[in-house]
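Shown next: model_5.txt, containing compact mmCIF, C-alpha atoms.
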```txt
# COMPACT_ATOMS: atom_id res chain seq x y z
CA MET I 1 -95.99 -28.33 29.24
CA ALA I 2 -95.99 -24.73 30.39
CA ALA I 3 -92.85 -25.05 32.52
CA THR I 4 -89.91 -22.69 32.09
CA THR I 5 -86.23 -23.49 32.48
CA ASP I 6 -83.46 -21.86 34.53
CA TYR I 7 -81.78 -20.16 31.59
CA ASP I 8 -85.00 -18.20 30.90
CA THR I 9 -84.38 -16.01 33.94
CA ASP I 10 -81.06 -14.86 32.44
CA ILE I 11 -82.83 -13.20 29.53
CA LYS I 12 -84.99 -10.18 30.25
CA GLY I 13 -88.60 -11.04 29.50
CA ALA I 14 -87.82 -14.65 28.66
CA SER I 15 -89.58 -15.82 31.79
CA SER I 16 -92.86 -15.40 29.95
CA LEU I 17 -91.80 -18.00 27.36
CA THR I 18 -93.01 -21.51 28.00
CA ASP I 19 -91.75 -24.83 26.70
CA THR I 20 -94.83 -24.84 24.47
CA ASP I 21 -93.76 -21.48 23.03
CA ARG I 22 -90.29 -22.89 22.36
CA LEU I 23 -91.75 -25.96 20.66
CA PHE I 24 -93.81 -23.86 18.26
CA PHE I 25 -90.97 -21.43 17.62
CA LEU I 26 -88.88 -24.47 16.70
CA MET I 27 -91.61 -25.79 14.39
CA GLU I 28 -91.77 -22.38 12.68
CA GLU I 29 -87.98 -22.30 12.31
CA VAL I 30 -87.96 -25.77 10.73
CA THR I 31 -90.64 -24.79 8.20
CA ARG I 32 -88.88 -21.49 7.46
CA ARG I 33 -85.58 -23.31 6.79
CA LEU I 34 -87.39 -25.94 4.73
CA ARG I 35 -88.95 -23.21 2.55
CA ARG I 36 -85.55 -21.54 2.04
CA THR I 37 -83.93 -24.88 1.18
CA PHE I 38 -86.67 -25.66 -1.34
CA ASP I 39 -86.32 -22.18 -2.83
CA SER I 40 -82.61 -22.83 -3.42
CA SER I 41 -83.21 -26.28 -4.87
CA VAL I 42 -85.82 -25.17 -7.44
CA GLU I 43 -83.82 -22.11 -8.57
CA GLN I 44 -81.85 -24.33 -10.94
CA PHE I 45 -85.09 -24.98 -12.83
CA GLY I 46 -85.92 -21.28 -13.05
CA LEU I 47 -88.98 -21.76 -10.83
CA THR I 48 -90.22 -20.40 -7.55
CA ARG I 49 -91.54 -22.57 -4.74
CA THR I 50 -95.07 -21.38 -5.55
CA GLN I 51 -94.65 -22.43 -9.17
CA TRP I 52 -93.27 -25.80 -8.08
CA ARG I 53 -96.19 -26.32 -5.69
CA THR I 54 -98.64 -25.34 -8.42
CA LEU I 55 -97.18 -27.98 -10.73
CA ALA I 56 -97.29 -30.55 -7.93
CA TYR I 57 -100.97 -29.85 -7.23
CA LEU I 58 -101.77 -30.11 -10.94
CA LEU I 59 -99.95 -33.43 -11.15
CA ARG I 60 -102.02 -34.70 -8.22
CA SER I 61 -105.30 -33.16 -9.43
CA PRO I 62 -105.23 -32.37 -13.16
CA GLY I 63 -107.59 -29.70 -14.42
CA MET I 64 -107.92 -27.65 -11.25
CA THR I 65 -109.42 -24.20 -11.64
CA GLN I 66 -107.59 -21.03 -10.68
CA THR I 67 -109.92 -20.68 -7.69
CA GLU I 68 -109.20 -24.24 -6.52
CA LEU I 69 -105.46 -23.70 -6.86
CA ALA I 70 -105.66 -20.41 -4.95
CA ARG I 71 -107.53 -22.13 -2.12
CA GLU I 72 -105.12 -25.09 -1.92
CA LEU I 73 -102.01 -22.88 -2.06
CA GLU I 74 -103.55 -20.27 0.27
CA LEU I 75 -102.98 -17.48 -2.25
CA GLU I 76 -105.15 -14.74 -3.64
CA ARG I 77 -106.69 -15.46 -7.04
CA ALA I 78 -104.64 -12.65 -8.60
CA SER I 79 -101.40 -14.15 -7.24
CA ILE I 80 -102.16 -17.61 -8.55
CA GLY I 81 -103.23 -16.00 -11.82
CA ARG I 82 -99.76 -14.44 -12.19
CA THR I 83 -98.19 -17.78 -11.30
CA ILE I 84 -100.21 -19.56 -13.96
CA ASP I 85 -99.37 -16.81 -16.47
CA ARG I 86 -95.66 -17.36 -15.84
CA LEU I 87 -95.99 -21.15 -16.06
CA GLU I 88 -97.82 -20.70 -19.38
CA GLU I 89 -94.96 -18.50 -20.64
CA LEU I 90 -92.57 -21.33 -19.73
CA ASP I 91 -94.85 -23.77 -21.62
CA LEU I 92 -95.38 -25.82 -18.45
CA VAL I 93 -99.16 -25.42 -18.16
CA GLU I 94 -102.11 -24.48 -20.31
CA ARG I 95 -105.58 -23.17 -19.56
CA ARG I 96 -108.52 -24.95 -21.13
CA SER I 97 -112.11 -23.79 -20.91
CA ALA I 98 -114.35 -25.99 -18.80
CA LYS I 99 -116.84 -28.03 -20.79
CA ASN I 100 -119.81 -27.10 -18.64
CA ASP I 101 -118.94 -23.40 -18.13
CA ARG I 102 -116.91 -21.45 -20.68
CA ARG I 103 -116.20 -18.73 -18.09
CA VAL I 104 -114.15 -21.23 -16.04
CA TRP I 105 -110.63 -22.18 -17.05
CA ARG I 106 -109.06 -25.46 -16.00
CA VAL I 107 -105.29 -25.64 -15.75
CA HIS I 108 -103.41 -28.64 -17.16
CA LEU I 109 -99.77 -29.67 -17.26
CA ARG I 110 -97.96 -29.52 -20.59
CA PRO I 111 -95.46 -32.19 -21.69
CA ALA I 112 -92.51 -29.99 -20.61
CA ALA I 113 -93.82 -30.01 -17.02
CA ILE I 114 -94.33 -33.76 -17.09
CA GLU I 115 -90.67 -34.12 -18.16
CA LEU I 116 -89.50 -31.64 -15.50
CA LEU I 117 -91.39 -33.03 -12.52
CA PRO I 118 -89.27 -36.21 -12.09
CA LYS I 119 -86.14 -34.02 -11.89
CA MET I 120 -87.84 -31.86 -9.30
CA ARG I 121 -88.88 -35.02 -7.44
CA VAL I 122 -85.19 -35.93 -7.11
CA GLU I 123 -84.49 -32.48 -5.65
CA ALA I 124 -87.42 -32.71 -3.24
CA ASP I 125 -86.29 -36.17 -2.10
CA ALA I 126 -82.77 -34.82 -1.48
CA VAL I 127 -84.19 -31.97 0.62
CA TYR I 128 -86.36 -34.41 2.60
CA ALA I 129 -83.39 -36.77 3.13
CA ARG I 130 -81.35 -33.85 4.48
CA LEU I 131 -84.22 -32.74 6.72
CA LEU I 132 -84.90 -36.21 8.12
CA GLY I 133 -81.28 -37.36 8.39
CA GLY I 134 -80.55 -39.22 11.62
CA ILE I 135 -84.21 -39.66 12.56
CA ARG I 136 -85.36 -43.26 12.93
CA PHE I 137 -88.50 -44.57 11.24
CA GLY I 138 -90.34 -45.04 14.55
CA GLU I 139 -89.62 -41.45 15.53
CA LEU I 140 -90.97 -40.23 12.20
CA GLU I 141 -94.12 -42.30 12.62
CA ARG I 142 -94.71 -40.83 16.08
CA LEU I 143 -94.09 -37.32 14.72
CA ARG I 144 -96.50 -37.94 11.83
CA GLY I 145 -99.15 -39.12 14.28
CA SER I 146 -98.62 -36.15 16.58
CA LEU I 147 -98.79 -33.64 13.72
CA ALA I 148 -101.94 -35.29 12.35
CA LYS I 149 -103.52 -35.06 15.81
CA MET I 150 -102.59 -31.36 16.06
CA ARG I 151 -104.09 -30.74 12.62
CA ASP I 152 -107.26 -32.56 13.62
CA ASN I 153 -107.43 -30.66 16.93
CA LEU I 154 -107.57 -27.38 15.00
CA GLY I 155 -110.07 -28.70 12.48
CA SER I 156 -110.57 -26.65 9.36
CA ALA I 157 -109.38 -23.24 10.49
CA PRO I 158 -111.07 -20.20 8.97
```

Structure re-expressed in structure tokens:
Amino acid sequence: MAATTDYDTDIKGASSLTDTDRLFFLMEEVTRRLRRTFDSSVEQFGLTRTQWRTLAYLLRSPGMTQTELARELELERASIGRTIDRLEELDLVERRSAKNDRRVWRVHLRPAAIELLPKMRVEADAVYARLLGGIRFGELERLRGSLAKMRDNLGSAP
């Protein structure tokens, strides 16, 4: 898949771009636009994408520690700490000391977050519907399989 096309020669330096390069540039552009679209959709709730993702992880895995959240969200502990602080200010989460180690705090959703998450689900579904519009189920299944294979090919990256 390293072939180039005729129009590459019209652009200085473009001859070094391959079809594989173009594929991954496209994948990056899709994820960049998806992030921006999500940012716009969660603004109405007064949240950032990171805050939304934090709530989603806590819904999926209640009682995660700050360290676990930082690892899952690929953030520094200080960054996730500020995120949790802000979510606490909004009364969406609370920290509770771990039963087996009082130095460890587990983060839990508050009732306000549990009420908010279904509304955010509607927004997320609308973004996904927009993203996937016009793509048939079989195409999506093939894409899912290909992406899973790519993920597996890279294993757990450092």

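Among the candidates I:Arg86, I:Arg110, I:Arg103, I:Lys119, the residue lying nearest to I:Thr50 is I:Arg86 (atoms considered: only C-alpha atoms).
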
>> Quick check, in Å to one decimal: how far apart do atom CA of I:Ile114 and atom CA of I:Tyr57 lie?
In response: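 Atom CA of I:Tyr57 lies 12.5 Å from atom CA of I:Ile114.
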
> By how many Å are atom CA of I:Ala70 and atom CA of I:Arg106 apart?
Replying inline: 12.6 Å

>> Rounded to one decimal, what separation in Å do you get between atom CA of I:Phe38 and atom CA of I:Ala56?
In response: 13.4 Å

Taking all atoms of stretch 75-81 of chain I that the file lists, what box with edges along x, y and z, padded by 4 Å per side, do you get, with centre and edge lengths in Å to one decimal, as AutoDock Vina command-line options?
```
--center_x -104.0 --center_y -15.1 --center_z -7.0 --size_x 13.3 --size_y 13.0 --size_z 17.6
```

>> Set the distance at 7 Å and use all atoms listed in the file: which residues neighbour I:Val93 once local chain neighbours fewer than 5 positions away are removed? I'd like the list as a PyMOL selection string.
In response: chain I and resi 87-88+107-110

> Counting all atoms listed in the file, which of I:Thr20, I:Ser97, I:Gln44, I:Thr37 gets nearest to I:Met64?
Replying inline: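 For I:Met64, the nearest of the candidates is I:Ser97.
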
Would you mind listing what lies within 12 Å of I:Thr83 as a PDB file with C-alpha atoms, in the coordinates of the input, with only C-alpha atoms counted and same-chain residues fewer than 3 positions away left out?
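Output file selection33.pdb follows:
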```pdb
ATOM      1  CA  LEU I  47     -88.980 -21.760 -10.830  1.00  0.00           C
ATOM      2  CA  THR I  48     -90.220 -20.400  -7.550  1.00  0.00           C
ATOM      3  CA  ARG I  49     -91.540 -22.570  -4.740  1.00  0.00           C
ATOM      4  CA  THR I  50     -95.070 -21.380  -5.550  1.00  0.00           C
ATOM      5  CA  GLN I  51     -94.650 -22.430  -9.170  1.00  0.00           C
ATOM      6  CA  TRP I  52     -93.270 -25.800  -8.080  1.00  0.00           C
ATOM      7  CA  ARG I  53     -96.190 -26.320  -5.690  1.00  0.00           C
ATOM      8  CA  THR I  54     -98.640 -25.340  -8.420  1.00  0.00           C
ATOM      9  CA  LEU I  55     -97.180 -27.980 -10.730  1.00  0.00           C
ATOM     10  CA  GLN I  66    -107.590 -21.030 -10.680  1.00  0.00           C
ATOM     11  CA  LEU I  69    -105.460 -23.700  -6.860  1.00  0.00           C
ATOM     12  CA  ALA I  70    -105.660 -20.410  -4.950  1.00  0.00           C
ATOM     13  CA  LEU I  73    -102.010 -22.880  -2.060  1.00  0.00           C
ATOM     14  CA  LEU I  75    -102.980 -17.480  -2.250  1.00  0.00           C
ATOM     15  CA  GLU I  76    -105.150 -14.740  -3.640  1.00  0.00           C
ATOM     16  CA  ARG I  77    -106.690 -15.460  -7.040  1.00  0.00           C
ATOM     17  CA  ALA I  78    -104.640 -12.650  -8.600  1.00  0.00           C
ATOM     18  CA  SER I  79    -101.400 -14.150  -7.240  1.00  0.00           C
ATOM     19  CA  ILE I  80    -102.160 -17.610  -8.550  1.00  0.00           C
ATOM     20  CA  ARG I  86     -95.660 -17.360 -15.840  1.00  0.00           C
ATOM     21  CA  LEU I  87     -95.990 -21.150 -16.060  1.00  0.00           C
ATOM     22  CA  GLU I  88     -97.820 -20.700 -19.380  1.00  0.00           C
ATOM     23  CA  GLU I  89     -94.960 -18.500 -20.640  1.00  0.00           C
ATOM     24  CA  LEU I  90     -92.570 -21.330 -19.730  1.00  0.00           C
ATOM     25  CA  LEU I  92     -95.380 -25.820 -18.450  1.00  0.00           C
ATOM     26  CA  VAL I  93     -99.160 -25.420 -18.160  1.00  0.00           C
ATOM     27  CA  GLU I  94    -102.110 -24.480 -20.310  1.00  0.00           C
ATOM     28  CA  VAL I 107    -105.290 -25.640 -15.750  1.00  0.00           C
TER      29      VAL I 107
END
```

> With all atoms listed in the file as the basis for distance, which of I:Ile84, I:Val30, I:Asp91, I:Phe25 is at the shortest distance from I:Leu116?
Replying inline: I:Asp91

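Proximity ranking of I:Leu34, I:Ile135, I:Leu23, I:Val42 relative to I:Glu123 places I:Val42 first, based on all atoms listed in the file.
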
> I:Arg82, I:Arg96, I:Arg33, I:Arg136: which is nearest I:Thr65, counting all atoms listed in the file?
Replying inline: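 Once distances to I:Thr65 are computed over all atoms listed in the file, the minimum belongs to I:Arg96.
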
From the block I gave, I'd like stretch 112-130 of chain I written with N, CA, C and O atoms, as a compact mmCIF listing (two decimals), in the first residue's frame.
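Dumped to part_7.txt:
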```
# COMPACT_ATOMS: atom_id res chain seq x y z
N ALA I 112 -26.39 13.72 40.88
CA ALA I 112 -26.49 14.70 39.78
C ALA I 112 -25.84 14.16 38.50
O ALA I 112 -26.34 14.41 37.39
N ALA I 113 -24.74 13.44 38.63
CA ALA I 113 -24.08 12.86 37.46
C ALA I 113 -24.93 11.75 36.86
O ALA I 113 -25.03 11.64 35.63
N ILE I 114 -25.53 10.96 37.72
CA ILE I 114 -26.36 9.85 37.24
C ILE I 114 -27.57 10.40 36.49
O ILE I 114 -28.02 9.81 35.50
N GLU I 115 -28.08 11.55 36.90
CA GLU I 115 -29.18 12.20 36.17
C GLU I 115 -28.69 12.82 34.87
O GLU I 115 -29.43 12.86 33.88
N LEU I 116 -27.47 13.33 34.84
CA LEU I 116 -26.92 14.01 33.68
C LEU I 116 -26.48 13.04 32.58
O LEU I 116 -26.63 13.34 31.38
N LEU I 117 -25.97 11.90 32.95
CA LEU I 117 -25.39 10.99 31.97
C LEU I 117 -26.36 10.54 30.87
O LEU I 117 -25.95 10.47 29.71
N PRO I 118 -27.64 10.28 31.16
CA PRO I 118 -28.54 9.92 30.04
C PRO I 118 -28.69 11.05 29.01
O PRO I 118 -28.79 10.79 27.81
N LYS I 119 -28.67 12.30 29.47
CA LYS I 119 -28.74 13.43 28.54
C LYS I 119 -27.48 13.49 27.69
O LYS I 119 -27.54 13.77 26.48
N MET I 120 -26.36 13.22 28.31
CA MET I 120 -25.10 13.20 27.58
C MET I 120 -25.06 12.02 26.61
O MET I 120 -24.47 12.11 25.54
N ARG I 121 -25.70 10.92 27.00
CA ARG I 121 -25.78 9.75 26.11
C ARG I 121 -26.50 10.12 24.82
O ARG I 121 -26.10 9.72 23.73
N VAL I 122 -27.59 10.89 24.94
CA VAL I 122 -28.34 11.33 23.77
C VAL I 122 -27.42 12.16 22.86
O VAL I 122 -27.42 11.98 21.64
N GLU I 123 -26.64 13.06 23.45
CA GLU I 123 -25.71 13.88 22.66
C GLU I 123 -24.65 13.02 21.98
O GLU I 123 -24.34 13.22 20.81
N ALA I 124 -24.09 12.07 22.72
CA ALA I 124 -23.07 11.19 22.15
C ALA I 124 -23.66 10.39 20.99
O ALA I 124 -23.03 10.26 19.93
N ASP I 125 -24.88 9.87 21.18
CA ASP I 125 -25.52 9.10 20.11
C ASP I 125 -25.75 9.95 18.87
O ASP I 125 -25.59 9.48 17.74
N ALA I 126 -26.10 11.22 19.07
CA ALA I 126 -26.31 12.12 17.93
C ALA I 126 -25.00 12.37 17.19
O ALA I 126 -24.97 12.40 15.95
N VAL I 127 -23.91 12.53 17.94
CA VAL I 127 -22.59 12.71 17.31
C VAL I 127 -22.22 11.46 16.53
O VAL I 127 -21.76 11.54 15.38
N TYR I 128 -22.42 10.28 17.13
CA TYR I 128 -22.09 9.03 16.45
C TYR I 128 -22.93 8.86 15.19
O TYR I 128 -22.43 8.41 14.15
N ALA I 129 -24.23 9.19 15.27
CA ALA I 129 -25.11 9.06 14.10
C ALA I 129 -24.62 9.97 12.97
O ALA I 129 -24.61 9.56 11.81
N ARG I 130 -24.20 11.17 13.33
CA ARG I 130 -23.66 12.10 12.32
C ARG I 130 -22.38 11.53 11.71
O ARG I 130 -22.19 11.54 10.49
```
